[in-house]
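Chemist: Dropping a structure here in structure tokens format, bear with me for questions.
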Amino acid sequence: MAYDADNIFAKILRGDAPAFKVYEDDHSLAFMDVMPQADGHTLVIPKYPAENLHDVDPDALGATIRTVQTVAAAVKQAFEAPGIMIAQLNGPAAGQTVFHLHFHILPRFDGVEFRMHARDMEDFDKLEAFAERIRAAL
Ligand code: AMP
């Protein structure tokens, strides 16, 4: 499948769609997942137009992973999470629903189950408050 420049994350990168941003540099962007599986669920994407892990430039991937590490530490601190899960899905069979490469940063707590993947829209005021908490921990 060819990269679709009209996917929602490409629109966010162009400023054509809104996002609750927590971090941005020349190579990557981090923002809140609007249908989170846990409070603090954050996404990191490269600015490079890659559909998935298989077609990303390795240098762009390296810069993106660096951002994942930075933002994951901030999410862990902001939500006092004992565990952080990183997830990254490639292809519909793996559950990928947005076809611009992204890494999920998910706080985990003993005994707390995830909510359903990409199902329930979160309250926007809550997402902005969560984004501010993460920005303050960066
Ligand atoms: P995946 O299934 O790995 O492709 O994950 C895509 C993720 O993007 C899901 O967790 C969705 O909840 C999330 N998502 C979809 N649209 C948006 C959006 N406009 N802003 C932020 N997150 C989104």
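By convention in this document, the chains of the structure tokens carry letters A, B, ... by their order, each chain's residues are numbered from 1, and ligands are numbered from 1 in the order they are shown.
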With only C-alpha atoms as the counted atoms, please give the residues lying no more than 12 Å from A:Phe130, apart from itself and same-chain residues fewer than 2 positions off, as a count of residues only.
Modeler: 31
Chemist: Hey, which residues sit close to ligand 1? Say within 7 Å, counting only C-alpha atoms and all ligand atoms, and write them as a list in words.
Modeler: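 Protein and nucleic-acid residues within 7 Å of ligand 1: Ile8, Phe9, Ala19, Phe31, Met32, Asp33, Val34, Met35, Pro36, Gln88, Leu89, Gly95, Gln96, Thr97, Val98, Phe99, His102, His117, Ala118 and Arg119 of chain A.
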Chemist: Using the selection just defined, write its residues with N, CA and C atoms as a PDB file, in the first residue's frame.
Modeler:
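Writing done, so here's again_8.pdb:
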ATOM      1  N   ILE A   8      -4.945  10.767   8.927  1.00  0.00           N
ATOM      2  CA  ILE A   8      -5.190  11.772   9.975  1.00  0.00           C
ATOM      3  C   ILE A   8      -3.895  12.288  10.610  1.00  0.00           C
ATOM      4  N   PHE A   9      -2.876  11.442  10.740  1.00  0.00           N
ATOM      5  CA  PHE A   9      -1.637  11.923  11.366  1.00  0.00           C
ATOM      6  C   PHE A   9      -0.866  12.846  10.411  1.00  0.00           C
ATOM      7  N   ALA A  19      -4.522  18.594  17.464  1.00  0.00           N
ATOM      8  CA  ALA A  19      -3.932  17.553  18.315  1.00  0.00           C
ATOM      9  C   ALA A  19      -3.571  18.170  19.654  1.00  0.00           C
ATOM     10  N   PHE A  31       1.743  13.468  20.801  1.00  0.00           N
ATOM     11  CA  PHE A  31       0.432  14.040  21.137  1.00  0.00           C
ATOM     12  C   PHE A  31      -0.423  12.965  21.786  1.00  0.00           C
ATOM     13  N   MET A  32      -1.504  13.431  22.444  1.00  0.00           N
ATOM     14  CA  MET A  32      -2.381  12.500  23.146  1.00  0.00           C
ATOM     15  C   MET A  32      -3.219  11.691  22.159  1.00  0.00           C
ATOM     16  N   ASP A  33      -3.380  10.403  22.461  1.00  0.00           N
ATOM     17  CA  ASP A  33      -4.331   9.567  21.727  1.00  0.00           C
ATOM     18  C   ASP A  33      -5.741   9.990  22.129  1.00  0.00           C
ATOM     19  N   VAL A  34      -6.596  10.301  21.169  1.00  0.00           N
ATOM     20  CA  VAL A  34      -7.938  10.812  21.507  1.00  0.00           C
ATOM     21  C   VAL A  34      -8.923   9.714  21.918  1.00  0.00           C
ATOM     22  N   MET A  35      -8.554   8.464  21.661  1.00  0.00           N
ATOM     23  CA  MET A  35      -9.379   7.331  22.124  1.00  0.00           C
ATOM     24  C   MET A  35      -8.490   6.427  22.970  1.00  0.00           C
ATOM     25  N   PRO A  36      -8.063   6.952  24.113  1.00  0.00           N
ATOM     26  CA  PRO A  36      -6.991   6.284  24.871  1.00  0.00           C
ATOM     27  C   PRO A  36      -7.414   4.955  25.488  1.00  0.00           C
ATOM     28  N   GLN A  88       3.506  -0.866  18.874  1.00  0.00           N
ATOM     29  CA  GLN A  88       3.660  -0.334  17.514  1.00  0.00           C
ATOM     30  C   GLN A  88       3.142  -1.406  16.564  1.00  0.00           C
ATOM     31  N   LEU A  89       2.099  -1.064  15.810  1.00  0.00           N
ATOM     32  CA  LEU A  89       1.391  -2.052  14.987  1.00  0.00           C
ATOM     33  C   LEU A  89       1.669  -1.807  13.507  1.00  0.00           C
ATOM     34  N   GLY A  95      -3.581  -4.986  13.550  1.00  0.00           N
ATOM     35  CA  GLY A  95      -4.458  -4.055  14.266  1.00  0.00           C
ATOM     36  C   GLY A  95      -4.200  -2.594  13.949  1.00  0.00           C
ATOM     37  N   GLN A  96      -3.282  -2.313  13.014  1.00  0.00           N
ATOM     38  CA  GLN A  96      -3.012  -0.907  12.666  1.00  0.00           C
ATOM     39  C   GLN A  96      -4.248  -0.296  12.020  1.00  0.00           C
ATOM     40  N   THR A  97      -4.620   0.910  12.497  1.00  0.00           N
ATOM     41  CA  THR A  97      -5.796   1.588  11.949  1.00  0.00           C
ATOM     42  C   THR A  97      -5.462   2.939  11.331  1.00  0.00           C
ATOM     43  N   VAL A  98      -4.328   3.520  11.701  1.00  0.00           N
ATOM     44  CA  VAL A  98      -3.879   4.779  11.088  1.00  0.00           C
ATOM     45  C   VAL A  98      -2.548   4.485  10.400  1.00  0.00           C
ATOM     46  N   PHE A  99      -2.470   4.813   9.114  1.00  0.00           N
ATOM     47  CA  PHE A  99      -1.346   4.323   8.314  1.00  0.00           C
ATOM     48  C   PHE A  99      -0.265   5.376   8.124  1.00  0.00           C
ATOM     49  N   HIS A 102       3.514   5.023  13.982  1.00  0.00           N
ATOM     50  CA  HIS A 102       3.388   5.636  15.302  1.00  0.00           C
ATOM     51  C   HIS A 102       3.698   4.632  16.394  1.00  0.00           C
ATOM     52  N   HIS A 117      -9.219  -0.699  22.203  1.00  0.00           N
ATOM     53  CA  HIS A 117      -8.366   0.018  21.257  1.00  0.00           C
ATOM     54  C   HIS A 117      -9.206   0.906  20.340  1.00  0.00           C
ATOM     55  N   ALA A 118      -8.880   2.209  20.328  1.00  0.00           N
ATOM     56  CA  ALA A 118      -9.458   3.157  19.360  1.00  0.00           C
ATOM     57  C   ALA A 118     -10.991   3.114  19.330  1.00  0.00           C
ATOM     58  N   ARG A 119     -11.614   3.123  20.519  1.00  0.00           N
ATOM     59  CA  ARG A 119     -13.081   3.021  20.520  1.00  0.00           C
ATOM     60  C   ARG A 119     -13.767   4.257  21.081  1.00  0.00           C
TER      61      ARG A 119
END
Chemist: What does the distance between atom CA of A:Asp4 and atom CA of A:Leu101 come to in Å, to one decimal place?
Modeler: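 Taking atom CA of A:Asp4 as the start and atom CA of A:Leu101 as the end point, the length is 11.6 Å.
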Chemist: Quick check, in Å to one decimal: how far apart do atom CA of A:Val112 and atom CA of A:Thr70 lie?
Modeler: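 Atom-to-atom, atom CA of A:Val112 and atom CA of A:Thr70 are spaced 24.1 Å apart.
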Chemist: What's the separation between atom CA of A:Ala94 and atom CA of A:Val44, in Å to one decimal place?
Modeler: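 Atom CA of A:Ala94 sits 18.2 Å away from atom CA of A:Val44.
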Chemist: Taking into account only C-alpha atoms, which residue in the set A:Lys76, A:Arg115, A:Lys47, A:His54 is nearest to A:Asn90?
Modeler: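 Ranked by minimum distance to A:Asn90, first place goes to A:His54.
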Chemist: Please run DSSP on the backbone and report, as a PyMOL selection string, all residues within chain A that come out as helix (DSSP H, G or I).
Modeler: chain A and resi 8-14+53-55+58-78+92-94+124-137
Chemist: When you count only C-alpha atoms, which of these residues is closest to A:Tyr3: A:Ile45, A:Leu29, A:Ala81, A:Val56?
Modeler: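 Of the candidates, the smallest distance to A:Tyr3 is held by A:Val56.
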Chemist: Would you mind telling me which residue in A:Gln37, A:Pro18, A:Ser28, A:Pro82 lies nearest to A:Glu113 when using only C-alpha atoms?
Modeler: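 The shortest atom-to-atom distance to A:Glu113 comes from A:Gln37.
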Chemist: So which residues touch A:Tyr48 within 8 Å, counting only C-alpha atoms, skipping near sequence neighbours fewer than 6 positions away, as a PyMOL selection string?
Modeler: chain A and resi 27+56-57+60
